Structure formats: C-alpha cells, structure tokens
$ cat model-v2.pdb   # PDB, C-alpha atoms, pLDDT in the B column
ATOM      1  CA  MET P  22       0.000   0.000   0.000  1.00 77.00           C
ATOM      2  CA  LYS P  23       1.348   3.410  -0.943  1.00 87.00           C
ATOM      3  CA  LYS P  24       2.350   5.850   1.775  1.00 91.00           C
ATOM      4  CA  SER P  25      -0.311   8.345   0.680  1.00 91.00           C
ATOM      5  CA  ASN P  26      -2.999   5.650   0.873  1.00 93.00           C
ATOM      6  CA  VAL P  27      -1.941   4.712   4.406  1.00 95.00           C
ATOM      7  CA  ILE P  28      -2.195   8.376   5.407  1.00 96.00           C
ATOM      8  CA  MET P  29      -5.638   8.544   3.806  1.00 96.00           C
ATOM      9  CA  LEU P  30      -6.663   5.435   5.722  1.00 97.00           C
ATOM     10  CA  ILE P  31      -5.759   7.168   8.991  1.00 97.00           C
ATOM     11  CA  ALA P  32      -7.601  10.312   7.859  1.00 97.00           C
ATOM     12  CA  ALA P  33     -10.793   8.353   7.205  1.00 97.00           C
ATOM     13  CA  LEU P  34     -10.713   6.707  10.646  1.00 97.00           C
ATOM     14  CA  LEU P  35      -9.954   9.784  12.761  1.00 98.00           C
ATOM     15  CA  PRO P  36     -13.487  11.317  12.585  1.00 97.00           C
ATOM     16  CA  LEU P  37     -14.808   8.205  14.355  1.00 97.00           C
ATOM     17  CA  GLY P  38     -13.423   9.841  17.501  1.00 97.00           C
ATOM     18  CA  LEU P  39     -16.668  11.818  17.505  1.00 96.00           C
ATOM     19  CA  PHE P  40     -18.410   8.703  18.826  1.00 96.00           C
ATOM     20  CA  PHE P  41     -16.167   8.629  21.898  1.00 96.00           C
ATOM     21  CA  PHE P  42     -15.440  12.258  22.743  1.00 97.00           C
ATOM     22  CA  PRO P  43     -17.566  15.439  22.941  1.00 97.00           C
ATOM     23  CA  LEU P  44     -17.740  17.671  19.894  1.00 96.00           C
ATOM     24  CA  TRP P  45     -18.412  20.944  21.722  1.00 96.00           C
ATOM     25  CA  LYS P  46     -18.783  22.426  25.195  1.00 96.00           C
ATOM     26  CA  ILE P  47     -20.912  25.368  26.349  1.00 95.00           C
ATOM     27  CA  THR P  48     -20.231  26.821  29.806  1.00 95.00           C
ATOM     28  CA  LEU P  49     -22.153  29.472  31.756  1.00 93.00           C
ATOM     29  CA  GLU P  50     -20.384  31.396  34.506  1.00 94.00           C
ATOM     30  CA  ALA P  51     -22.213  33.642  36.979  1.00 89.00           C
ATOM     31  CA  PRO P  52     -21.668  34.917  40.543  1.00 89.00           C
ATOM     32  CA  GLN P  53     -24.601  32.867  41.840  1.00 86.00           C
ATOM     33  CA  TYR P  54     -23.010  29.651  40.550  1.00 87.00           C
ATOM     34  CA  PRO P  55     -19.610  29.030  42.227  1.00 89.00           C
ATOM     35  CA  THR P  56     -19.278  26.017  39.938  1.00 93.00           C
ATOM     36  CA  PRO P  57     -20.095  27.049  36.358  1.00 94.00           C
ATOM     37  CA  LEU P  58     -22.948  25.304  34.578  1.00 95.00           C
ATOM     38  CA  GLY P  59     -22.057  23.463  31.412  1.00 95.00           C
ATOM     39  CA  MET P  60     -23.092  20.992  28.791  1.00 95.00           C
ATOM     40  CA  TYR P  61     -21.195  18.779  26.384  1.00 97.00           C
ATOM     41  CA  ILE P  62     -22.508  18.316  22.875  1.00 95.00           C
ATOM     42  CA  PHE P  63     -21.730  14.907  21.407  1.00 95.00           C
ATOM     43  CA  ILE P  64     -22.454  13.789  17.869  1.00 95.00           C
ATOM     44  CA  ASN P  65     -25.519  11.959  19.216  1.00 93.00           C
ATOM     45  CA  ASP P  66     -26.302  13.391  22.649  1.00 93.00           C
ATOM     46  CA  PHE P  67     -26.210  16.246  25.162  1.00 93.00           C
ATOM     47  CA  SER P  68     -24.671  15.610  28.562  1.00 94.00           C
ATOM     48  CA  ASP P  69     -24.011  17.478  31.813  1.00 95.00           C
ATOM     49  CA  VAL P  70     -20.550  18.748  32.663  1.00 96.00           C
ATOM     50  CA  ASN P  71     -21.559  18.468  36.336  1.00 94.00           C
ATOM     51  CA  PRO P  72     -24.597  16.564  37.664  1.00 94.00           C
ATOM     52  CA  ASN P  73     -27.920  18.328  36.896  1.00 93.00           C
ATOM     53  CA  ASP P  74     -26.299  21.143  34.858  1.00 94.00           C
ATOM     54  CA  ILE P  75     -28.764  20.840  31.966  1.00 94.00           C
ATOM     55  CA  LYS P  76     -31.683  20.678  34.411  1.00 92.00           C
ATOM     56  CA  ASN P  77     -30.486  23.895  36.085  1.00 91.00           C
ATOM     57  CA  ILE P  78     -29.933  25.599  32.733  1.00 91.00           C
ATOM     58  CA  ASN P  79     -33.478  24.670  31.700  1.00 90.00           C
ATOM     59  CA  LEU P  80     -34.876  26.080  34.954  1.00 88.00           C
ATOM     60  CA  MET P  81     -33.131  29.410  34.356  1.00 84.00           C
ATOM     61  CA  ASN P  82     -34.167  29.509  30.718  1.00 82.00           C
ATOM     62  CA  HIS P  83     -37.814  28.927  31.606  1.00 81.00           C
ATOM     63  CA  TYR P  84     -38.018  32.271  33.403  1.00 82.00           C
ATOM     64  CA  VAL P  85     -36.878  34.278  30.372  1.00 83.00           C
ATOM     65  CA  GLY P  86     -38.957  32.301  27.884  1.00 83.00           C
ATOM     66  CA  MET P  87     -36.275  30.132  26.316  1.00 85.00           C
ATOM     67  CA  LYS P  88     -37.080  26.605  25.206  1.00 83.00           C
ATOM     68  CA  TYR P  89     -35.906  23.620  27.180  1.00 85.00           C
ATOM     69  CA  ILE P  90     -32.819  21.842  25.930  1.00 86.00           C
ATOM     70  CA  PRO P  91     -34.364  18.665  24.486  1.00 82.00           C
ATOM     71  CA  GLU P  92     -33.151  15.163  25.205  1.00 80.00           C
ATOM     72  CA  ALA P  93     -32.772  14.551  21.481  1.00 78.00           C
ATOM     73  CA  ILE P  94     -32.755  16.512  18.210  1.00 85.00           C
ATOM     74  CA  PRO P  95     -33.006  15.226  14.591  1.00 88.00           C
ATOM     75  CA  GLU P  96     -29.296  15.898  14.078  1.00 90.00           C
ATOM     76  CA  PHE P  97     -28.488  13.167  16.607  1.00 91.00           C
ATOM     77  CA  LYS P  98     -29.682  10.644  14.011  1.00 91.00           C
ATOM     78  CA  ILE P  99     -28.353  12.413  10.912  1.00 93.00           C
ATOM     79  CA  PHE P 100     -24.806  13.277  12.051  1.00 94.00           C
ATOM     80  CA  PRO P 101     -23.769   9.779  13.237  1.00 95.00           C
ATOM     81  CA  LEU P 102     -25.045   8.264   9.992  1.00 96.00           C
ATOM     82  CA  GLY P 103     -23.198  10.922   7.994  1.00 95.00           C
ATOM     83  CA  ASN P 104     -20.015  10.223   9.937  1.00 96.00           C
ATOM     84  CA  ILE P 105     -20.192   6.495   9.240  1.00 97.00           C
ATOM     85  CA  ILE P 106     -20.946   7.027   5.531  1.00 97.00           C
ATOM     86  CA  THR P 107     -18.065   9.476   5.021  1.00 97.00           C
ATOM     87  CA  THR P 108     -15.727   7.122   6.897  1.00 97.00           C
ATOM     88  CA  ILE P 109     -16.716   4.242   4.610  1.00 97.00           C
ATOM     89  CA  ILE P 110     -16.204   6.456   1.548  1.00 97.00           C
ATOM     90  CA  GLY P 111     -12.809   7.506   2.920  1.00 97.00           C
ATOM     91  CA  LEU P 112     -11.781   3.877   3.489  1.00 97.00           C
ATOM     92  CA  ILE P 113     -12.834   2.868  -0.022  1.00 96.00           C
ATOM     93  CA  ILE P 114     -10.823   5.769  -1.435  1.00 95.00           C
ATOM     94  CA  ALA P 115      -7.829   4.835   0.731  1.00 95.00           C
ATOM     95  CA  PHE P 116      -7.809   1.254  -0.621  1.00 93.00           C
ATOM     96  CA  LYS P 117      -8.961   1.848  -4.185  1.00 89.00           C
ATOM     97  CA  GLY P 118      -8.490   5.493  -5.134  1.00 81.00           C
ATOM     98  CA  ASN P 119      -5.611   7.679  -6.202  1.00 87.00           C
ATOM     99  CA  TYR P 120      -4.443  10.935  -4.670  1.00 88.00           C
ATOM    100  CA  LYS P 121      -7.005  13.036  -6.587  1.00 93.00           C
ATOM    101  CA  TRP P 122      -9.810  11.292  -4.701  1.00 95.00           C
ATOM    102  CA  PHE P 123      -8.152  12.243  -1.419  1.00 96.00           C
ATOM    103  CA  LEU P 124      -8.704  15.892  -2.323  1.00 96.00           C
ATOM    104  CA  ALA P 125     -12.344  15.160  -3.173  1.00 96.00           C
ATOM    105  CA  TRP P 126     -12.866  13.610   0.283  1.00 97.00           C
ATOM    106  CA  PHE P 127     -11.163  16.612   1.891  1.00 97.00           C
ATOM    107  CA  ILE P 128     -13.536  19.007   0.082  1.00 97.00           C
ATOM    108  CA  LEU P 129     -16.547  16.855   0.990  1.00 97.00           C
ATOM    109  CA  MET P 130     -15.589  16.911   4.667  1.00 97.00           C
ATOM    110  CA  ILE P 131     -15.009  20.682   4.641  1.00 97.00           C
ATOM    111  CA  VAL P 132     -18.453  21.246   3.089  1.00 97.00           C
ATOM    112  CA  LEU P 133     -20.210  18.895   5.525  1.00 96.00           C
ATOM    113  CA  SER P 134     -18.379  20.385   8.537  1.00 96.00           C
ATOM    114  CA  ALA P 135     -19.327  23.913   7.445  1.00 96.00           C
ATOM    115  CA  ALA P 136     -22.945  22.788   7.066  1.00 95.00           C
ATOM    116  CA  GLY P 137     -22.810  21.280  10.564  1.00 94.00           C
ATOM    117  CA  LEU P 138     -21.467  24.511  12.037  1.00 94.00           C
ATOM    118  CA  TYR P 139     -24.172  26.507  10.270  1.00 95.00           C
ATOM    119  CA  ASP P 140     -26.812  24.143  11.627  1.00 93.00           C
ATOM    120  CA  PHE P 141     -25.330  24.625  15.116  1.00 92.00           C
ATOM    121  CA  TYR P 142     -25.510  28.413  14.651  1.00 93.00           C
ATOM    122  CA  LEU P 143     -29.160  28.221  13.581  1.00 92.00           C
ATOM    123  CA  TRP P 144     -29.971  26.013  16.578  1.00 89.00           C
ATOM    124  CA  GLU P 145     -28.324  28.533  18.907  1.00 89.00           C
ATOM    125  CA  TYR P 146     -30.075  31.427  17.191  1.00 90.00           C
ATOM    126  CA  HIS P 147     -33.573  29.978  17.546  1.00 88.00           C
ATOM    127  CA  TYR P 148     -32.788  28.718  21.034  1.00 85.00           C
ATOM    128  CA  GLY P 149     -31.687  32.177  22.172  1.00 84.00           C
ATOM    129  CA  ASN P 150     -34.092  34.410  20.238  1.00 86.00           C
ATOM    130  CA  ASP P 151     -37.346  32.498  19.773  1.00 86.00           C
ATOM    131  CA  LEU P 152     -38.678  33.396  23.222  1.00 85.00           C
ATOM    132  CA  ASP P 153     -42.053  32.695  24.777  1.00 83.00           C
ATOM    133  CA  PRO P 154     -43.997  36.016  24.839  1.00 81.00           C
ATOM    134  CA  LYS P 155     -45.581  34.868  28.126  1.00 80.00           C
ATOM    135  CA  ALA P 156     -42.207  34.546  29.870  1.00 77.00           C
ATOM    136  CA  ILE P 157     -42.159  35.391  33.580  1.00 81.00           C
ATOM    137  CA  ILE P 158     -39.202  37.764  33.172  1.00 79.00           C
ATOM    138  CA  LYS P 159     -38.623  39.942  30.117  1.00 77.00           C
ATOM    139  CA  PHE P 160     -35.498  41.906  29.262  1.00 77.00           C
ATOM    140  CA  THR P 161     -35.297  44.554  26.571  1.00 77.00           C
ATOM    141  CA  ASN P 162     -32.486  46.220  24.672  1.00 78.00           C
ATOM    142  CA  PRO P 163     -31.936  50.014  24.885  1.00 80.00           C
ATOM    143  CA  ASP P 164     -34.006  50.414  21.708  1.00 80.00           C
ATOM    144  CA  GLY P 165     -36.953  48.596  23.305  1.00 74.00           C
ATOM    145  CA  THR P 166     -36.634  45.332  21.396  1.00 76.00           C
ATOM    146  CA  VAL P 167     -36.750  42.035  23.267  1.00 76.00           C
ATOM    147  CA  MET P 168     -33.306  40.924  24.380  1.00 80.00           C
ATOM    148  CA  GLY P 169     -32.026  37.637  22.981  1.00 80.00           C
ATOM    149  CA  PHE P 170     -29.909  35.115  24.857  1.00 85.00           C
ATOM    150  CA  GLN P 171     -28.041  33.451  22.017  1.00 88.00           C
ATOM    151  CA  PRO P 172     -24.774  31.858  23.189  1.00 88.00           C
ATOM    152  CA  PRO P 173     -21.709  32.400  20.992  1.00 90.00           C
ATOM    153  CA  LEU P 174     -20.925  29.959  18.217  1.00 91.00           C
ATOM    154  CA  PHE P 175     -17.261  30.175  19.168  1.00 93.00           C
ATOM    155  CA  GLY P 176     -15.626  32.175  21.944  1.00 95.00           C
ATOM    156  CA  SER P 177     -17.058  34.011  24.949  1.00 95.00           C
ATOM    157  CA  LYS P 178     -19.971  36.423  25.350  1.00 92.00           C
ATOM    158  CA  ASP P 179     -21.578  38.370  28.189  1.00 90.00           C
ATOM    159  CA  ILE P 180     -25.304  37.688  28.617  1.00 86.00           C
ATOM    160  CA  LEU P 181     -26.682  39.769  31.493  1.00 83.00           C
ATOM    161  CA  ASN P 182     -24.678  38.649  34.543  1.00 86.00           C
ATOM    162  CA  PHE P 183     -23.589  35.437  32.813  1.00 88.00           C
ATOM    163  CA  LYS P 184     -20.489  34.842  30.759  1.00 93.00           C
ATOM    164  CA  ALA P 185     -21.093  32.170  28.132  1.00 93.00           C
ATOM    165  CA  HIS P 186     -18.223  30.196  26.654  1.00 95.00           C
ATOM    166  CA  SER P 187     -18.489  27.994  23.568  1.00 96.00           C
ATOM    167  CA  TYR P 188     -15.496  25.990  22.372  1.00 96.00           C
ATOM    168  CA  PRO P 189     -14.741  22.758  20.469  1.00 96.00           C
ATOM    169  CA  ARG P 190     -13.663  19.683  22.377  1.00 97.00           C
ATOM    170  CA  LEU P 191     -11.639  16.565  21.626  1.00 97.00           C
ATOM    171  CA  GLY P 192     -14.155  15.089  19.164  1.00 97.00           C
ATOM    172  CA  ALA P 193     -13.915  18.214  17.007  1.00 97.00           C
ATOM    173  CA  TYR P 194     -10.125  17.965  17.059  1.00 97.00           C
ATOM    174  CA  PHE P 195     -10.315  14.361  15.848  1.00 98.00           C
ATOM    175  CA  LEU P 196     -12.555  15.522  13.000  1.00 97.00           C
ATOM    176  CA  GLY P 197     -10.289  18.457  12.132  1.00 97.00           C
ATOM    177  CA  LEU P 198      -7.190  16.278  12.255  1.00 98.00           C
ATOM    178  CA  GLY P 199      -8.815  13.737   9.963  1.00 97.00           C
ATOM    179  CA  ILE P 200      -9.679  16.437   7.431  1.00 97.00           C
ATOM    180  CA  ALA P 201      -6.163  17.915   7.590  1.00 97.00           C
ATOM    181  CA  THR P 202      -4.608  14.462   7.256  1.00 97.00           C
ATOM    182  CA  SER P 203      -6.549  13.794   4.063  1.00 97.00           C
ATOM    183  CA  LEU P 204      -5.069  16.958   2.576  1.00 97.00           C
ATOM    184  CA  LEU P 205      -1.614  15.736   3.604  1.00 97.00           C
ATOM    185  CA  ALA P 206      -2.359  12.415   1.885  1.00 95.00           C
ATOM    186  CA  TYR P 207      -3.254  14.319  -1.275  1.00 95.00           C
ATOM    187  CA  PHE P 208       0.031  16.248  -1.334  1.00 95.00           C
ATOM    188  CA  VAL P 209       2.085  13.142  -0.535  1.00 94.00           C
ATOM    189  CA  GLY P 210       0.302  11.245  -3.303  1.00 91.00           C
ATOM    190  CA  LYS P 211       0.718  14.100  -5.754  1.00 90.00           C
ATOM    191  CA  LYS P 212       4.453  14.331  -5.022  1.00 89.00           C
ATOM    192  CA  SER P 213       4.843  10.570  -5.466  1.00 84.00           C
ATOM    193  CA  HIS P 214       2.943  10.699  -8.760  1.00 78.00           C
ATOM    194  CA  LYS P 215       5.167  13.474 -10.111  1.00 81.00           C
ATOM    195  CA  LYS P 216       8.292  11.478  -9.231  1.00 79.00           C
ATOM    196  CA  LYS P 217       6.889   8.423 -11.020  1.00 78.00           C
ATOM    197  CA  VAL P 218       6.066  10.479 -14.135  1.00 75.00           C
ATOM    198  CA  ALA P 219       9.548  12.051 -14.099  1.00 69.00           C
ATOM    199  CA  LEU P 220      11.104   8.584 -14.184  1.00 63.00           C
TER     200      LEU P 220
END

$ encode --input "model-v2.pdb" --output "structure tokens"
Amino acid sequence: MKKSNVIMLIAALLPLGLFFFPLWKITLEAPQYPTPLGMYIFINDFSDVNPNDIKNINLMNHYVGMKYIPEAIPEFKIFPLGNIITTIIGLIIAFKGNYKWFLAWFILMIVLSAAGLYDFYLWEYHYGNDLDPKAIIKFTNPDGTVMGFQPPLFGSKDILNFKAHSYPRLGAYFLGLGIATSLLAYFVGKKSHKKKVAL
C-alpha cells in the first residue's frame, strides 16, 4: 500500500473519535453559581458537565422564555449516519483510489463540517431568540426590542450577569485532524505521482 494511501486510511478513521469524545462544550459562569454550569454536545447526545447542569440551565431559561434543551434533536440521528458514511467512503478511497480522490474527500468533509457549524448556529439562534412572549421575566435592549440570549458559536460572550463560553472539544479535534490528514495524503500522493512520471 502506498504511503499516501496509508495516510488517507488514517484520515478516514480519525473522525470516528466523535463517537467517543464530545464535539463541543458550552459553559455558563455567573456569581450565583460558584461552579459554572455546562453541557457537552456529542455527535448523538447532550450531557451534563456536572450533575444536573442541563436541568439547572433549563430552569433558568424557563423564566426568560427560552425553550428547554431537548433530550434529542433530529441531528443526533443524521450526524452519526453521515459520519459512518463518510468514513466508509474515505476507506474505499484509501484502498482503491488515487491521490485526486483524497482531495475530493477533503472538500466533501469541509463542506459537511461547514454545514454542521451553520446548523449549530441556527440552533443557537432559535434557542436564544425564539422566546415565549408569556415569559415570567422579560429583558429589553436600549431600543426597546426584546433581548435575545443566544450563546456564541465560538468564543465568549456576556449575557446579562452570565459569561457564556463555547469551544470545540476533543471530538472536534479528531474531526479536524482527519480532514487535515486527508489533505496531507493528497500532497504526498501528488508528489509521489510526479516522481513516477519524471522517471
């Protein structure tokens, strides 16, 4: 097996780390919570950082009219299936394809990852801005519009007396490393092909 194909094989397997490690983490810090509240987002689940964190977040959100964080969302069925399919495609390419197909897989993964991030942004947007008009507590902006509570897609953001943090976790790094490794496989394969042609 060519060196580039071995590298591509590794690239195709790395995104499977999403099944074992969290993809993202959202943390909420506030003076009234000595231990910050947080939730991990897996490819197929939400989970507490500390016991009852999601329950406490839902209780807070109820007062300002935000929806409860559900136990499951449609993406929890779509994303795992997509991960398995792209891994299988990557493995087939690693065993059967040439270096040009490695680039195609890289582009496919970039497009799908961007779509996943956009979906995450939309989820956060609706979660933080689609508020119940009958909420117990209402906050308004200086211009009189209803204040939203959308957490950041990436980075930190002040929301009233809370500081929200949103950052990728180990699962996302496995995915990113797999994508980057496929690009490396492409360049290694391309270099090897040029040497063969030169001979």

$ closest_atom_pairs --input "model-v2.pdb" --of "range 97-150 of chain P" --to "range 185-198 of chain P" --cutoff "12 Å" --atoms "all atoms listed in the file" --output "CSV"
residue,atom,partner,partner_atom,distance
P:Asn104,CA,P:Leu196,CA,9.6
P:Thr107,CA,P:Leu196,CA,11.4
P:Thr108,CA,P:Leu196,CA,10.9
P:Phe127,CA,P:Gly197,CA,10.4
P:Met130,CA,P:Leu196,CA,9.0
P:Ile131,CA,P:Gly197,CA,9.1
P:Leu133,CA,P:Leu196,CA,11.2
P:Ser134,CA,P:Leu196,CA,8.8
P:Ala135,CA,P:Gly197,CA,11.6
P:Gly137,CA,P:Ala193,CA,11.4
P:Leu138,CA,P:Pro189,CA,10.9
P:Phe141,CA,P:Ser187,CA,11.4
P:Tyr142,CA,P:Ser187,CA,11.4
P:Glu145,CA,P:Ser187,CA,10.9

$ closest_residue --input "model-v2.pdb" --among "P:Phe63, P:Tyr54, P:Tyr139, P:Tyr84" --to "Phe41 in chain P" --atoms "only C-alpha atoms"
P:Phe63

$ residues_around --input "model-v2.pdb" --residues "Ile31 in chain P" --least-positions-apart "2" --cutoff "9 Å" --atoms "only C-alpha atoms" --output "list in words"
Asn26, Val27, Ile28, Met29, Ala33, Leu34, Leu35, Leu112, Ala115, Gly199, Thr202 and Ser203 of chain P

$ write_last_selection --input "model-v2.pdb" --atoms "C-alpha atoms" --output "mmCIF file, in the coordinates of the input"
data_model
loop_
_atom_site.group_PDB
_atom_site.id
_atom_site.type_symbol
_atom_site.label_atom_id
_atom_site.label_comp_id
_atom_site.auth_asym_id
_atom_site.auth_seq_id
_atom_site.Cartn_x
_atom_site.Cartn_y
_atom_site.Cartn_z
ATOM 1 C CA ASN P 26 -2.999 5.650 0.873
ATOM 2 C CA VAL P 27 -1.941 4.712 4.406
ATOM 3 C CA ILE P 28 -2.195 8.376 5.407
ATOM 4 C CA MET P 29 -5.638 8.544 3.806
ATOM 5 C CA ALA P 33 -10.793 8.353 7.205
ATOM 6 C CA LEU P 34 -10.713 6.707 10.646
ATOM 7 C CA LEU P 35 -9.954 9.784 12.761
ATOM 8 C CA LEU P 112 -11.781 3.877 3.489
ATOM 9 C CA ALA P 115 -7.829 4.835 0.731
ATOM 10 C CA GLY P 199 -8.815 13.737 9.963
ATOM 11 C CA THR P 202 -4.608 14.462 7.256
ATOM 12 C CA SER P 203 -6.549 13.794 4.063
#

$ resolve_selection --input "model-v2.pdb" --expression "the PyMOL selection byres ((chain P and resi 92) around 12)" --output "ChimeraX atom specification"
/P:62,65-69,75-76,79,89-91,93-97

$ closest_residue --input "model-v2.pdb" --among "P:Pro163, P:Ile157, P:Leu44, P:Lys23" --to "Lys211 in chain P" --atoms "all atoms listed in the file"
P:Lys23

$ atom_distance --input "model-v2.pdb" --atom1 "CA of Ser177 in chain P" --atom2 "CA of Pro52 in chain P"
16.3 Å

$ atom_distance --input "model-v2.pdb" --atom1 "CA of Leu174 in chain P" --atom2 "CA of Ala125 in chain P"
27.4 Å

$ resolve_selection --input "model-v2.pdb" --expression "the PyMOL selection byres ((chain P and resi 171) around 8)" --output "ChimeraX atom specification"
/P:145-150,169-170,172-173

$ atom_distance --input "model-v2.pdb" --atom1 "CA of Ile114 in chain P" --atom2 "CA of Leu102 in chain P"
18.4 Å

$ residues_around --input "model-v2.pdb" --residues "Gly86 in chain P" --least-positions-apart "2" --cutoff "9 Å" --atoms "only C-alpha atoms" --output "list in words"
Asn82, His83, Tyr84, Lys88, Asp151, Leu152, Asp153, Pro154, Lys155, Ala156, Ile157, Ile158 and Lys159 of chain P

$ build_atoms --input "model-v2.pdb" --residues "range 35-54 of chain P" --atoms "N, CA, C and O atoms" --output "PDB file, in the coordinates of the input"
ATOM      1  N   LEU P  35     -10.016   8.802  11.671  1.00 98.00           N
ATOM      2  CA  LEU P  35      -9.954   9.784  12.761  1.00 98.00           C
ATOM      3  C   LEU P  35     -11.314  10.393  13.143  1.00 98.00           C
ATOM      4  O   LEU P  35     -11.594  10.551  14.342  1.00 98.00           O
ATOM      5  N   PRO P  36     -12.193  10.736  12.184  1.00 97.00           N
ATOM      6  CA  PRO P  36     -13.487  11.317  12.585  1.00 97.00           C
ATOM      7  C   PRO P  36     -14.359  10.415  13.445  1.00 97.00           C
ATOM      8  O   PRO P  36     -15.308  10.887  14.082  1.00 97.00           O
ATOM      9  N   LEU P  37     -14.041   9.108  13.491  1.00 97.00           N
ATOM     10  CA  LEU P  37     -14.808   8.205  14.355  1.00 97.00           C
ATOM     11  C   LEU P  37     -14.621   8.550  15.831  1.00 97.00           C
ATOM     12  O   LEU P  37     -15.385   8.097  16.685  1.00 97.00           O
ATOM     13  N   GLY P  38     -13.610   9.364  16.133  1.00 97.00           N
ATOM     14  CA  GLY P  38     -13.423   9.841  17.501  1.00 97.00           C
ATOM     15  C   GLY P  38     -14.619  10.614  18.022  1.00 97.00           C
ATOM     16  O   GLY P  38     -14.810  10.743  19.239  1.00 97.00           O
ATOM     17  N   LEU P  39     -15.453  11.100  17.104  1.00 96.00           N
ATOM     18  CA  LEU P  39     -16.668  11.818  17.505  1.00 96.00           C
ATOM     19  C   LEU P  39     -17.644  10.924  18.272  1.00 96.00           C
ATOM     20  O   LEU P  39     -18.505  11.427  18.995  1.00 96.00           O
ATOM     21  N   PHE P  40     -17.525   9.621  18.105  1.00 96.00           N
ATOM     22  CA  PHE P  40     -18.410   8.703  18.826  1.00 96.00           C
ATOM     23  C   PHE P  40     -17.944   8.457  20.260  1.00 96.00           C
ATOM     24  O   PHE P  40     -18.679   7.879  21.062  1.00 96.00           O
ATOM     25  N   PHE P  41     -16.732   8.901  20.579  1.00 96.00           N
ATOM     26  CA  PHE P  41     -16.167   8.629  21.898  1.00 96.00           C
ATOM     27  C   PHE P  41     -15.897   9.889  22.728  1.00 96.00           C
ATOM     28  O   PHE P  41     -15.803   9.814  23.953  1.00 96.00           O
ATOM     29  N   PHE P  42     -15.790  11.024  22.051  1.00 97.00           N
ATOM     30  CA  PHE P  42     -15.440  12.258  22.743  1.00 97.00           C
ATOM     31  C   PHE P  42     -16.406  13.375  22.349  1.00 97.00           C
ATOM     32  O   PHE P  42     -16.954  13.373  21.244  1.00 97.00           O
ATOM     33  N   PRO P  43     -16.640  14.347  23.260  1.00 97.00           N
ATOM     34  CA  PRO P  43     -17.566  15.439  22.941  1.00 97.00           C
ATOM     35  C   PRO P  43     -17.077  16.303  21.789  1.00 97.00           C
ATOM     36  O   PRO P  43     -15.869  16.510  21.613  1.00 97.00           O
ATOM     37  N   LEU P  44     -18.030  16.794  21.026  1.00 96.00           N
ATOM     38  CA  LEU P  44     -17.740  17.671  19.894  1.00 96.00           C
ATOM     39  C   LEU P  44     -17.556  19.118  20.354  1.00 96.00           C
ATOM     40  O   LEU P  44     -16.677  19.834  19.869  1.00 96.00           O
ATOM     41  N   TRP P  45     -18.394  19.542  21.303  1.00 96.00           N
ATOM     42  CA  TRP P  45     -18.412  20.944  21.722  1.00 96.00           C
ATOM     43  C   TRP P  45     -18.744  21.039  23.209  1.00 96.00           C
ATOM     44  O   TRP P  45     -19.291  20.098  23.785  1.00 96.00           O
ATOM     45  N   LYS P  46     -18.431  22.184  23.801  1.00 96.00           N
ATOM     46  CA  LYS P  46     -18.783  22.426  25.195  1.00 96.00           C
ATOM     47  C   LYS P  46     -19.258  23.865  25.351  1.00 96.00           C
ATOM     48  O   LYS P  46     -18.626  24.799  24.860  1.00 96.00           O
ATOM     49  N   ILE P  47     -20.391  24.036  26.017  1.00 95.00           N
ATOM     50  CA  ILE P  47     -20.912  25.368  26.349  1.00 95.00           C
ATOM     51  C   ILE P  47     -20.924  25.499  27.867  1.00 95.00           C
ATOM     52  O   ILE P  47     -21.431  24.627  28.572  1.00 95.00           O
ATOM     53  N   THR P  48     -20.335  26.577  28.361  1.00 95.00           N
ATOM     54  CA  THR P  48     -20.231  26.821  29.806  1.00 95.00           C
ATOM     55  C   THR P  48     -20.846  28.167  30.147  1.00 95.00           C
ATOM     56  O   THR P  48     -20.694  29.137  29.394  1.00 95.00           O
ATOM     57  N   LEU P  49     -21.553  28.228  31.263  1.00 93.00           N
ATOM     58  CA  LEU P  49     -22.153  29.472  31.756  1.00 93.00           C
ATOM     59  C   LEU P  49     -21.583  29.792  33.133  1.00 93.00           C
ATOM     60  O   LEU P  49     -21.724  29.007  34.061  1.00 93.00           O
ATOM     61  N   GLU P  50     -20.938  30.938  33.231  1.00 94.00           N
ATOM     62  CA  GLU P  50     -20.384  31.396  34.506  1.00 94.00           C
ATOM     63  C   GLU P  50     -21.226  32.551  35.035  1.00 94.00           C
ATOM     64  O   GLU P  50     -21.653  33.415  34.280  1.00 94.00           O
ATOM     65  N   ALA P  51     -21.465  32.563  36.343  1.00 89.00           N
ATOM     66  CA  ALA P  51     -22.213  33.642  36.979  1.00 89.00           C
ATOM     67  C   ALA P  51     -21.889  33.651  38.465  1.00 89.00           C
ATOM     68  O   ALA P  51     -21.552  32.610  39.037  1.00 89.00           O
ATOM     69  N   PRO P  52     -21.981  34.821  39.113  1.00 89.00           N
ATOM     70  CA  PRO P  52     -21.668  34.917  40.543  1.00 89.00           C
ATOM     71  C   PRO P  52     -22.490  33.967  41.417  1.00 89.00           C
ATOM     72  O   PRO P  52     -21.990  33.454  42.416  1.00 89.00           O
ATOM     73  N   GLN P  53     -23.742  33.724  41.017  1.00 86.00           N
ATOM     74  CA  GLN P  53     -24.601  32.867  41.840  1.00 86.00           C
ATOM     75  C   GLN P  53     -24.301  31.377  41.676  1.00 86.00           C
ATOM     76  O   GLN P  53     -24.888  30.546  42.360  1.00 86.00           O
ATOM     77  N   TYR P  54     -23.396  31.044  40.756  1.00 87.00           N
ATOM     78  CA  TYR P  54     -23.010  29.651  40.550  1.00 87.00           C
ATOM     79  C   TYR P  54     -21.499  29.511  40.742  1.00 87.00           C
ATOM     80  O   TYR P  54     -20.725  29.716  39.800  1.00 87.00           O
TER      81      TYR P  54
END
